[in-house]
Amino acid sequence: MTHATIQAQIDAAKAYEDLMVPALFGEWGPVVADAAHIQTGQRVLDVACGTGVLARGVLSRTGKAEFVTGLDPNAGMLEVARQLAPGVEWQQGLAESLPFPDATFDVVVSQFGLMFFHDRSEAIREALRVLKPGGRMAFAVWDSLENIPAYADAVALLERLAGAPAANAVRAPFVLGDRRDLEMLFAGAGFKSVEVATRKGVARFPSVRVMVEADLRGWLPVLGVVLTEEQIEGILQAAEHALQQYVSSDGAASFATSAHIVTGMKP
Ligand SMILES: C[S@@+](CC[C@H](N)C(=O)[O-])C[C@H]1O[C@@H](n2cnc3c(N)ncnc32)[C@H](O)[C@@H]1O
């Protein structure tokens, strides 16, 4: 990978951390950590850690940074994660081939990554493999797009102004909304006591402009979709009107979200 490519990944990851994490992902770290019942001294793996928001939350519960490992394939994400929590073990790799021996961790957690894995079943089998017997997992995935109307509207806007690749990048996080499918995916991989709980959240971006810019600059490039400045400006202007109903009196873009939290144990 060239220096320029790595720098582009770091810039996108910084935008992700500054724009997306506080507005959208931050509130779910404690929810997933609670669902995983993390105890002091446990060894915990965060799969698809991104810039590490969940791993940092886990750290406050395990007590020691060296007990927490964050894994992600994206070098830019890991670089930002490293800067924010240098003591955690940040490891580059894929969920489908975890670079750890069998029975390494007490807990495996993951939030909002599963939908992007190219082989989800293999990734879940890998999570099972690296857990100790009796170990616990908690995975968060977004509910269906129709249950998060603000993003359904954003997808429709992008489809109209930027085409299918940009719209699909924003649609991609919402493809695992079916609770029964999720349960079967985890139980089929060998987890026992699999449960799916649906939790409501609230996203809050400083404005519609920031909400959409977060996707255009902080998310689309992560999936390899890069728009021109002219396209970005056109979409941002149109979004002010198209997403007006989510603007609260202080100018913030605030809207309901919904996520499924899947939990289970290794037999
Ligand atoms: C929406 S981000 C979520 C990041 C983080 N968990 C959070 O809550 O902010 C999705 C992450 O999945 C990672 N990812 C994509 N494919 C992956 C794979 N096959 N294995 C592991 N991580 C993957 C991406 O690099 C990205 O960091």
# chains A, B, ... in the order shown; residues from 1 in each chain; ligands from 1

$ select_by_dssp --residues "region 19-261 of chain A" --states "helix (DSSP H, G or I)" --output "MDAnalysis selection string"
chainID A and resid 19:25 28:35 53:62 65:67 75:84 95:97 114:116 120:130 145:147 149:162 164:174 179:189 208:223 229:242 244:246

$ residues_near_ligand --ligand "ligand 1" --cutoff "7 Å" --atoms "only C-alpha atoms and all ligand atoms" --output "count of residues only"
26

$ closest_residue --among "A:Met211, A:Ala152, A:Ala172, A:Leu128" --to "Asp18 (chain A)" --atoms "only C-alpha atoms"
A:Met211

$ residues_around --residues "Asp153 (chain A)" --least-positions-apart "2" --cutoff "12 Å" --atoms "only C-alpha atoms" --output "PDB file with N, CA and C atoms, in the first residue's frame"
ATOM      1  N   LEU A 145     -33.535  -0.703   7.260  1.00  0.00           N
ATOM      2  CA  LEU A 145     -33.618   0.700   6.848  1.00  0.00           C
ATOM      3  C   LEU A 145     -35.015   1.285   7.087  1.00  0.00           C
ATOM      4  N   GLU A 146     -36.068   0.460   6.884  1.00  0.00           N
ATOM      5  CA  GLU A 146     -37.426   1.018   7.053  1.00  0.00           C
ATOM      6  C   GLU A 146     -37.721   1.390   8.506  1.00  0.00           C
ATOM      7  N   ASN A 147     -36.917   0.882   9.449  1.00  0.00           N
ATOM      8  CA  ASN A 147     -37.110   1.257  10.859  1.00  0.00           C
ATOM      9  C   ASN A 147     -36.224   2.427  11.274  1.00  0.00           C
ATOM     10  N   ILE A 148     -35.429   2.949  10.335  1.00  0.00           N
ATOM     11  CA  ILE A 148     -34.585   4.124  10.612  1.00  0.00           C
ATOM     12  C   ILE A 148     -34.825   5.109   9.455  1.00  0.00           C
ATOM     13  N   PRO A 149     -36.001   5.787   9.458  1.00  0.00           N
ATOM     14  CA  PRO A 149     -36.429   6.548   8.276  1.00  0.00           C
ATOM     15  C   PRO A 149     -35.465   7.658   7.846  1.00  0.00           C
ATOM     16  N   ALA A 150     -34.720   8.239   8.767  1.00  0.00           N
ATOM     17  CA  ALA A 150     -33.796   9.321   8.367  1.00  0.00           C
ATOM     18  C   ALA A 150     -32.780   8.794   7.354  1.00  0.00           C
ATOM     19  N   TYR A 151     -32.288   7.571   7.589  1.00  0.00           N
ATOM     20  CA  TYR A 151     -31.325   7.015   6.633  1.00  0.00           C
ATOM     21  C   TYR A 151     -32.005   6.516   5.358  1.00  0.00           C
ATOM     22  N   VAL A 155     -30.669   7.700   1.788  1.00  0.00           N
ATOM     23  CA  VAL A 155     -30.372   6.765   0.693  1.00  0.00           C
ATOM     24  C   VAL A 155     -31.106   7.205  -0.578  1.00  0.00           C
ATOM     25  N   ALA A 156     -32.376   7.587  -0.433  1.00  0.00           N
ATOM     26  CA  ALA A 156     -33.159   8.012  -1.606  1.00  0.00           C
ATOM     27  C   ALA A 156     -32.526   9.255  -2.244  1.00  0.00           C
ATOM     28  N   LEU A 157     -32.043  10.166  -1.420  1.00  0.00           N
ATOM     29  CA  LEU A 157     -31.399  11.380  -1.928  1.00  0.00           C
ATOM     30  C   LEU A 157     -30.118  11.045  -2.715  1.00  0.00           C
ATOM     31  N   LEU A 158     -29.316  10.151  -2.143  1.00  0.00           N
ATOM     32  CA  LEU A 158     -28.060   9.781  -2.811  1.00  0.00           C
ATOM     33  C   LEU A 158     -28.316   9.019  -4.108  1.00  0.00           C
ATOM     34  N   GLU A 159     -29.325   8.165  -4.085  1.00  0.00           N
ATOM     35  CA  GLU A 159     -29.684   7.423  -5.296  1.00  0.00           C
ATOM     36  C   GLU A 159     -29.962   8.413  -6.432  1.00  0.00           C
ATOM     37  N   ARG A 160     -30.685   9.483  -6.084  1.00  0.00           N
ATOM     38  CA  ARG A 160     -31.100  10.481  -7.070  1.00  0.00           C
ATOM     39  C   ARG A 160     -29.904  11.322  -7.544  1.00  0.00           C
ATOM     40  N   ALA A 167     -25.410   5.361  -2.955  1.00  0.00           N
ATOM     41  CA  ALA A 167     -26.622   4.977  -2.218  1.00  0.00           C
ATOM     42  C   ALA A 167     -26.417   3.622  -1.535  1.00  0.00           C
ATOM     43  N   VAL A 170     -24.474   3.693   1.738  1.00  0.00           N
ATOM     44  CA  VAL A 170     -25.252   4.134   2.909  1.00  0.00           C
ATOM     45  C   VAL A 170     -26.315   3.090   3.272  1.00  0.00           C
ATOM     46  N   ARG A 171     -26.750   2.308   2.299  1.00  0.00           N
ATOM     47  CA  ARG A 171     -27.739   1.241   2.531  1.00  0.00           C
ATOM     48  C   ARG A 171     -27.094   0.031   3.241  1.00  0.00           C
ATOM     49  N   VAL A 208     -28.021  18.865   9.618  1.00  0.00           N
ATOM     50  CA  VAL A 208     -28.209  17.950   8.482  1.00  0.00           C
ATOM     51  C   VAL A 208     -26.943  17.926   7.632  1.00  0.00           C
ATOM     52  N   VAL A 212     -24.935  14.444   6.692  1.00  0.00           N
ATOM     53  CA  VAL A 212     -24.721  13.914   5.345  1.00  0.00           C
ATOM     54  C   VAL A 212     -23.231  13.972   4.983  1.00  0.00           C
ATOM     55  N   ALA A 238     -28.973  19.960  -1.317  1.00  0.00           N
ATOM     56  CA  ALA A 238     -30.269  19.290  -1.492  1.00  0.00           C
ATOM     57  C   ALA A 238     -30.737  18.639  -0.184  1.00  0.00           C
ATOM     58  N   ALA A 239     -29.765  18.167   0.616  1.00  0.00           N
ATOM     59  CA  ALA A 239     -30.111  17.471   1.871  1.00  0.00           C
ATOM     60  C   ALA A 239     -30.812  18.403   2.858  1.00  0.00           C
ATOM     61  N   GLU A 240     -30.448  19.679   2.857  1.00  0.00           N
ATOM     62  CA  GLU A 240     -31.069  20.641   3.796  1.00  0.00           C
ATOM     63  C   GLU A 240     -32.590  20.603   3.641  1.00  0.00           C
ATOM     64  N   HIS A 241     -33.049  20.459   2.404  1.00  0.00           N
ATOM     65  CA  HIS A 241     -34.479  20.424   2.136  1.00  0.00           C
ATOM     66  C   HIS A 241     -35.037  19.006   2.345  1.00  0.00           C
ATOM     67  N   ALA A 242     -34.342  18.006   1.776  1.00  0.00           N
ATOM     68  CA  ALA A 242     -34.866  16.629   1.788  1.00  0.00           C
ATOM     69  C   ALA A 242     -34.971  16.049   3.211  1.00  0.00           C
ATOM     70  N   LEU A 243     -34.103  16.505   4.132  1.00  0.00           N
ATOM     71  CA  LEU A 243     -34.086  15.929   5.484  1.00  0.00           C
ATOM     72  C   LEU A 243     -34.544  16.932   6.542  1.00  0.00           C
ATOM     73  N   GLN A 244     -35.269  17.938   6.084  1.00  0.00           N
ATOM     74  CA  GLN A 244     -35.710  19.036   6.951  1.00  0.00           C
ATOM     75  C   GLN A 244     -36.496  18.557   8.182  1.00  0.00           C
ATOM     76  N   GLN A 245     -37.265  17.473   7.995  1.00  0.00           N
ATOM     77  CA  GLN A 245     -38.134  17.031   9.102  1.00  0.00           C
ATOM     78  C   GLN A 245     -37.358  16.528  10.318  1.00  0.00           C
ATOM     79  N   TYR A 246     -36.039  16.281  10.154  1.00  0.00           N
ATOM     80  CA  TYR A 246     -35.254  15.782  11.288  1.00  0.00           C
ATOM     81  C   TYR A 246     -34.518  16.899  12.033  1.00  0.00           C
ATOM     82  N   PHE A 255     -32.575  12.070  15.258  1.00  0.00           N
ATOM     83  CA  PHE A 255     -33.566  11.099  14.787  1.00  0.00           C
ATOM     84  C   PHE A 255     -33.395   9.759  15.495  1.00  0.00           C
TER      85      PHE A 255
END

$ atom_distance --atom1 "CA of Arg217 (chain A)" --atom2 "CA of Ile232 (chain A)"
8.6 Å

$ atom_distance --atom1 "CA of Leu131 (chain A)" --atom2 "CA of Leu176 (chain A)"
23.4 Å
